[in-house]
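As provided, input-v4.pdb (PDB, C-alpha atoms, pLDDT in the B column) reads as follows.
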ATOM      1  CA  MET A   1      84.374  58.919  76.475  1.00 91.00           C
ATOM      2  CA  THR A   2      85.473  62.416  75.536  1.00 94.00           C
ATOM      3  CA  VAL A   3      89.181  62.666  74.718  1.00 96.00           C
ATOM      4  CA  LEU A   4      91.317  65.766  74.362  1.00 96.00           C
ATOM      5  CA  GLY A   5      94.264  65.272  71.996  1.00 97.00           C
ATOM      6  CA  ILE A   6      97.164  67.715  72.210  1.00 97.00           C
ATOM      7  CA  ASP A   7      99.963  68.301  69.712  1.00 97.00           C
ATOM      8  CA  PRO A   8     102.294  70.455  71.832  1.00 96.00           C
ATOM      9  CA  GLY A   9     104.488  73.205  70.487  1.00 94.00           C
ATOM     10  CA  PRO A  10     107.017  75.582  72.038  1.00 94.00           C
ATOM     11  CA  ASN A  11     104.654  78.590  72.180  1.00 96.00           C
ATOM     12  CA  GLU A  12     101.230  77.338  71.162  1.00 97.00           C
ATOM     13  CA  SER A  13      99.668  73.918  70.816  1.00 97.00           C
ATOM     14  CA  ALA A  14      97.016  72.328  68.645  1.00 97.00           C
ATOM     15  CA  TYR A  15      94.175  70.456  70.284  1.00 96.00           C
ATOM     16  CA  VAL A  16      91.121  68.434  69.333  1.00 96.00           C
ATOM     17  CA  LEU A  17      88.222  67.411  71.570  1.00 94.00           C
ATOM     18  CA  TRP A  18      86.620  64.187  70.332  1.00 95.00           C
ATOM     19  CA  ASP A  19      83.597  62.327  71.728  1.00 93.00           C
ATOM     20  CA  GLY A  20      84.213  59.005  69.980  1.00 92.00           C
ATOM     21  CA  LEU A  21      81.992  59.898  67.046  1.00 95.00           C
ATOM     22  CA  ALA A  22      82.810  63.441  66.040  1.00 94.00           C
ATOM     23  CA  ILE A  23      85.150  66.352  66.653  1.00 94.00           C
ATOM     24  CA  ILE A  24      83.515  68.688  69.148  1.00 92.00           C
ATOM     25  CA  GLU A  25      86.128  71.435  69.250  1.00 91.00           C
ATOM     26  CA  HIS A  26      89.585  72.035  67.795  1.00 95.00           C
ATOM     27  CA  GLY A  27      92.116  74.774  67.294  1.00 95.00           C
ATOM     28  CA  ASN A  28      95.474  76.265  68.207  1.00 97.00           C
ATOM     29  CA  THR A  29      95.970  78.145  71.432  1.00 96.00           C
ATOM     30  CA  PRO A  30      98.834  79.701  73.397  1.00 97.00           C
ATOM     31  CA  ASN A  31     100.331  77.215  75.851  1.00 97.00           C
ATOM     32  CA  GLN A  32      99.491  79.340  78.891  1.00 96.00           C
ATOM     33  CA  ASP A  33      95.808  79.379  77.858  1.00 94.00           C
ATOM     34  CA  LEU A  34      95.796  75.612  77.339  1.00 95.00           C
ATOM     35  CA  LEU A  35      97.382  75.088  80.761  1.00 94.00           C
ATOM     36  CA  ALA A  36      94.623  77.140  82.370  1.00 93.00           C
ATOM     37  CA  ALA A  37      91.983  75.142  80.477  1.00 92.00           C
ATOM     38  CA  LEU A  38      93.491  71.820  81.603  1.00 93.00           C
ATOM     39  CA  GLU A  39      93.466  72.927  85.229  1.00 90.00           C
ATOM     40  CA  ASP A  40      89.703  73.584  85.035  1.00 88.00           C
ATOM     41  CA  PRO A  41      88.348  71.623  82.039  1.00 83.00           C
ATOM     42  CA  VAL A  42      84.695  71.735  83.124  1.00 80.00           C
ATOM     43  CA  ARG A  43      84.613  75.525  82.815  1.00 81.00           C
ATOM     44  CA  SER A  44      87.043  75.818  79.914  1.00 79.00           C
ATOM     45  CA  PHE A  45      85.598  73.670  77.144  1.00 76.00           C
ATOM     46  CA  ASN A  46      82.469  74.974  75.430  1.00 68.00           C
ATOM     47  CA  ILE A  47      80.287  71.889  75.194  1.00 72.00           C
ATOM     48  CA  ILE A  48      81.642  68.778  76.904  1.00 82.00           C
ATOM     49  CA  PRO A  49      84.686  68.615  79.193  1.00 87.00           C
ATOM     50  CA  PRO A  50      87.277  65.949  78.357  1.00 93.00           C
ATOM     51  CA  GLU A  51      87.434  62.804  80.466  1.00 94.00           C
ATOM     52  CA  HIS A  52      90.854  61.756  79.178  1.00 96.00           C
ATOM     53  CA  CYS A  53      93.817  63.512  77.572  1.00 97.00           C
ATOM     54  CA  ALA A  54      96.286  62.167  74.992  1.00 97.00           C
ATOM     55  CA  ILE A  55      99.473  64.187  74.551  1.00 97.00           C
ATOM     56  CA  GLU A  56     102.080  63.671  71.860  1.00 94.00           C
ATOM     57  CA  GLN A  57     105.371  62.803  73.571  1.00 90.00           C
ATOM     58  CA  ILE A  58     108.606  63.665  71.831  1.00 83.00           C
ATOM     59  CA  CYS A  59     111.163  60.850  71.867  1.00 78.00           C
ATOM     60  CA  GLY A  60     114.843  60.842  70.993  1.00 73.00           C
ATOM     61  CA  PHE A  61     115.415  60.710  67.259  1.00 69.00           C
ATOM     62  CA  GLY A  62     119.158  61.111  66.875  1.00 71.00           C
ATOM     63  CA  ILE A  63     119.501  64.719  65.742  1.00 73.00           C
ATOM     64  CA  MET A  64     120.543  67.919  67.457  1.00 75.00           C
ATOM     65  CA  ALA A  65     117.765  69.456  69.507  1.00 72.00           C
ATOM     66  CA  SER A  66     116.780  73.114  69.383  1.00 77.00           C
ATOM     67  CA  ASP A  67     115.519  75.334  72.172  1.00 78.00           C
ATOM     68  CA  GLY A  68     112.054  75.026  70.628  1.00 77.00           C
ATOM     69  CA  LEU A  69     112.155  71.252  70.992  1.00 82.00           C
ATOM     70  CA  PHE A  70     113.095  71.535  74.662  1.00 81.00           C
ATOM     71  CA  ASP A  71     110.315  74.082  75.200  1.00 87.00           C
ATOM     72  CA  THR A  72     107.861  71.665  73.586  1.00 90.00           C
ATOM     73  CA  CYS A  73     109.012  68.874  75.934  1.00 88.00           C
ATOM     74  CA  PHE A  74     108.620  71.235  78.892  1.00 92.00           C
ATOM     75  CA  TYR A  75     105.028  72.038  77.974  1.00 95.00           C
ATOM     76  CA  SER A  76     104.173  68.379  77.364  1.00 94.00           C
ATOM     77  CA  GLY A  77     105.078  67.705  80.983  1.00 94.00           C
ATOM     78  CA  ARG A  78     103.161  70.728  82.247  1.00 96.00           C
ATOM     79  CA  PHE A  79     100.049  69.616  80.335  1.00 97.00           C
ATOM     80  CA  LEU A  80     100.349  66.125  81.858  1.00 96.00           C
ATOM     81  CA  GLN A  81     100.664  67.593  85.335  1.00 96.00           C
ATOM     82  CA  ALA A  82      97.785  70.038  84.853  1.00 95.00           C
ATOM     83  CA  PHE A  83      95.264  67.429  83.656  1.00 95.00           C
ATOM     84  CA  GLY A  84      96.487  64.633  85.917  1.00 95.00           C
ATOM     85  CA  GLU A  85      98.678  61.608  85.334  1.00 95.00           C
ATOM     86  CA  LYS A  86      95.879  59.095  85.921  1.00 96.00           C
ATOM     87  CA  ARG A  87      93.698  60.655  83.213  1.00 96.00           C
ATOM     88  CA  THR A  88      96.457  61.271  80.639  1.00 97.00           C
ATOM     89  CA  THR A  89      98.198  59.059  78.111  1.00 97.00           C
ATOM     90  CA  MET A  90     101.469  60.127  76.538  1.00 96.00           C
ATOM     91  CA  ILE A  91     101.693  59.030  72.876  1.00 94.00           C
ATOM     92  CA  PRO A  92     105.357  58.554  71.831  1.00 90.00           C
ATOM     93  CA  ARG A  93     106.404  59.986  68.488  1.00 76.00           C
ATOM     94  CA  LYS A  94     109.802  60.069  66.816  1.00 65.00           C
TER      95      LYS A  94
END
Do you think you could lay out the structure here as structure tokens?
Amino acid sequence: MTVLGIDPGPNESAYVLWDGLAIIEHGNTPNQDLLAALEDPVRSFNIIPPEHCAIEQICGFGIMASDGLFDTCFYSGRFLQAFGEKRTTMIPRK
């Protein structure tokens, strides 16, 4: 199974495409570009489209939150929606 892992950020996000044995593709990309890729993964990823997506989910950690943190949470939800809830796992992180 090919899995796309996403570490979301407020403006750009890191991603890695993994086939279970090796990293196929990785990098940082603007969030709008990643959203477009998630909406049409077959055409967007160079070699093999992802079958599943794992997105880091920000959880409460007891400190004041910045606008950047809220923007990151916003994009996490947009990525989930773009790829599809049934094919996405949110990975909690404090």
In terms of the shortest atom-to-atom distance over only C-alpha atoms, which of A:Glu56, A:Thr88, A:Pro10, A:Met64 is closest to Gln32 (chain A)?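 Of A:Glu56, A:Thr88, A:Pro10, A:Met64, the one nearest Gln32 (chain A), counting only C-alpha atoms, is A:Pro10.
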Exercise: region 11-20 of chain A partners within 9 Å, only C-alpha atoms, chain neighbours under 5 positions left out, as an NGL selection string: :A and (1-6 or 25-34 or 45 or 48-50 or 68 or 71-72 or 75)
Let me know the residues the PyMOL selection byres ((chain A and resi 92) around 6) catches in the file above, as a PyMOL selection string. chain A and resi 57+91+93
Would you compute the distance between CA of Ile24 (chain A) and CA of Cys59 (chain A)? Give it in Å to one decimal. 28.9 Å
For Gly60 (chain A), list every protein, DNA or RNA residue within 12 Å, evaluated using all atoms listed in the file, and leave out those in the same chain fewer than 5 positions away; present the list as an NGL selection string. :A and (65 or 69-70 or 73 or 92-94)
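You will find CA of Pro41 (chain A) at 20.5 Å from CA of Phe74 (chain A).
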Between CA of Cys53 (chain A) and CA of Phe83 (chain A), what distance in Å does the model show, to one decimal?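 Those two atoms sit 7.4 Å apart.
Neighbouring residues of Leu35 (chain A) at 8 Å or closer, counting only C-alpha atoms and skipping chain neighbours under 5 positions away, are Arg78, Phe79 and Ala82 of chain A.
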How big is the axis-aligned box, and where does its centre sit, when it encloses all atoms of region 59-71 of chain A listed in the file and has 3 Å added on every side, reported in Å to one decimal as JSON?
{"center_x": 115.4, "center_y": 68.0, "center_z": 70.5, "size_x": 16.2, "size_y": 20.6, "size_z": 15.5}
At a cut-off of 6 Å, using only C-alpha atoms, what residues contact Arg87 (chain A)? Leave out same-chain residues fewer than 2 positions from it and give the result as a ChimeraX atom specification. /A:52,84-85
